[in-house]
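Have a look at the structure below before the remarks.
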Amino acid sequence: MRQLLLVLLGRIRRGAPHVLGSGLPLMSLALVVAGCASPSLMPEAQAVAINDRDRALASHADAIHAAISQSGKVGALAFLDAQDGRLVVLPGDSPADAWSRYTTSPESGTGRVSVPPVLTFVHRADVPKAPETVTRSALQQQQALAVLETELRHIEAQLGIVQRELAESIAAAKREAVARADMQTALSSLHEDLATVRKFMLQTAQLGWLNHELVVENASSMRKVATASQEMSASSERLEETMRQLSKSLAGQLKDLANRLDTIQGKVSSLK
């Protein structure tokens with residue numbers, strides 16, 4: 001660890017611009033690791049391994065910060081490949097973001113990168129934060145948790161869709177029930193109207209039949225009246241003829257009577 005600090009201080013003293021910006025984070029990383037690598041807290045072999053890893057990463061400080069600057073991200077996970085020892089930089093806005101970007105990239109499926117159990121997240125030079133030491137298992141657990149949360153959100157969204165569809169189905173069923181009730185009411189009203197129309201038509205037919213009967217009866221009565229009128233006319237004519245004959249007969253008789261009265265009066269006058 002002392003060697004890591006000396007390497008960082010030497011780079012800062014030489015005045016390299018890109019090292020001046022990255023010196024504070026790397027020194028913080030060295031101090032944090034130094035505290036964690038205290039002989040009283042971990043076995044000596046583990047402390048030696050951590051020191052070796054930090055020294056190896058410190059030698060690639062320029063490349064790490066150059067990669068972070070090119071990516072435009074807040075920082076990057078930096079580690080040495082567990083097989084060939086080459087530097088691997090995974091940019092991201094957080095350790096979880098960098099790990100997620102790596103696991104979803106095509107490079108992750110090729111198996112060309114061997115990730116060590118412990119990684120270091122180095123912040124951008126203008127971010128006043130110390131490097132963070134994270135484990136691969138913790139990143140994998142965070143990723144699994146994020147996937148689970150995404151699936152839960154998807155399930156909640158699907159559940160919301162199902163609930164909305166169910167509510168829409170219930171509302172549609174209610175509307176259909178109301179429509180059926182309205183249709184039933186309309187059919188009942190139509191049935192009543194048809195019954196009323198049928199009754200009216202029957203009454204109209206009955207009135208028509210009665211009217212026909214009255215017309216027939218009136219025609220028969222008119223024929224009877226005409227016949228009676230003709231009979232009365234004939235009777236009147238016969239009566240008139242009879243009266244005329246009686247008048248003639250009476251006139252003749254009165255004339256005869258007058259002649260007789262004249263004869264009798266003449267006889268009476270002659271007797272005097």
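In the structure tokens, chains take letters A, B, ... by order of appearance, with residues numbered from 1 within each chain and ligands from 1 in the order shown.
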Open item on the list: Set the distance at 7 Å and use only C-alpha atoms: which residues neighbour Ile68 (chain A) once local chain neighbours fewer than 5 positions away are removed? I'd like the list as a count of residues only.
Closed with: 5
Open item on the list: According to DSSP computed on the backbone, where in region 35-139 of chain A is there alpha helix (DSSP H)? Give the residues as a VMD selection string.
Closed with: chain A and resid 35 to 36 44 to 58 61 to 71 95 to 103 106 to 110 136 to 139
TODO: Rank A:Ser235, A:Ser94, A:Gln141, A:Thr135 by their smallest atom-to-atom distance to His123 (chain A), using only C-alpha atoms, and report the top residue only.
DONE: A:Ser94
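Relative to CA of Ala63 (chain A), CA of Ala130 (chain A) is found at 17.8 Å.
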TODO: Go ahead and compute the interatomic distance for CA of Gly85 (chain A) and CA of Val113 (chain A), in Å to one decimal.
DONE: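 Computing it gives 10.1 Å between the two atoms.
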Open item on the list: My list of candidates is A:Leu246, A:Val268, A:Ala125, A:Leu145. Which is closest to Ser69 (chain A) when distances are computed with only C-alpha atoms?
Closed with: A:Ala125
TODO: Determine, counting only C-alpha atoms, which protein, DNA and RNA residues have an atom within 9 Å of an atom of Leu87 (chain A); residues of the same chain fewer than 5 positions away are not included. Present the result as a ChimeraX atom specification.
DONE: /A:57,60,63-64,78-81
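The gap separating CA of Val134 (chain A) from CA of Thr120 (chain A) is 6.1 Å, in Å to one decimal.
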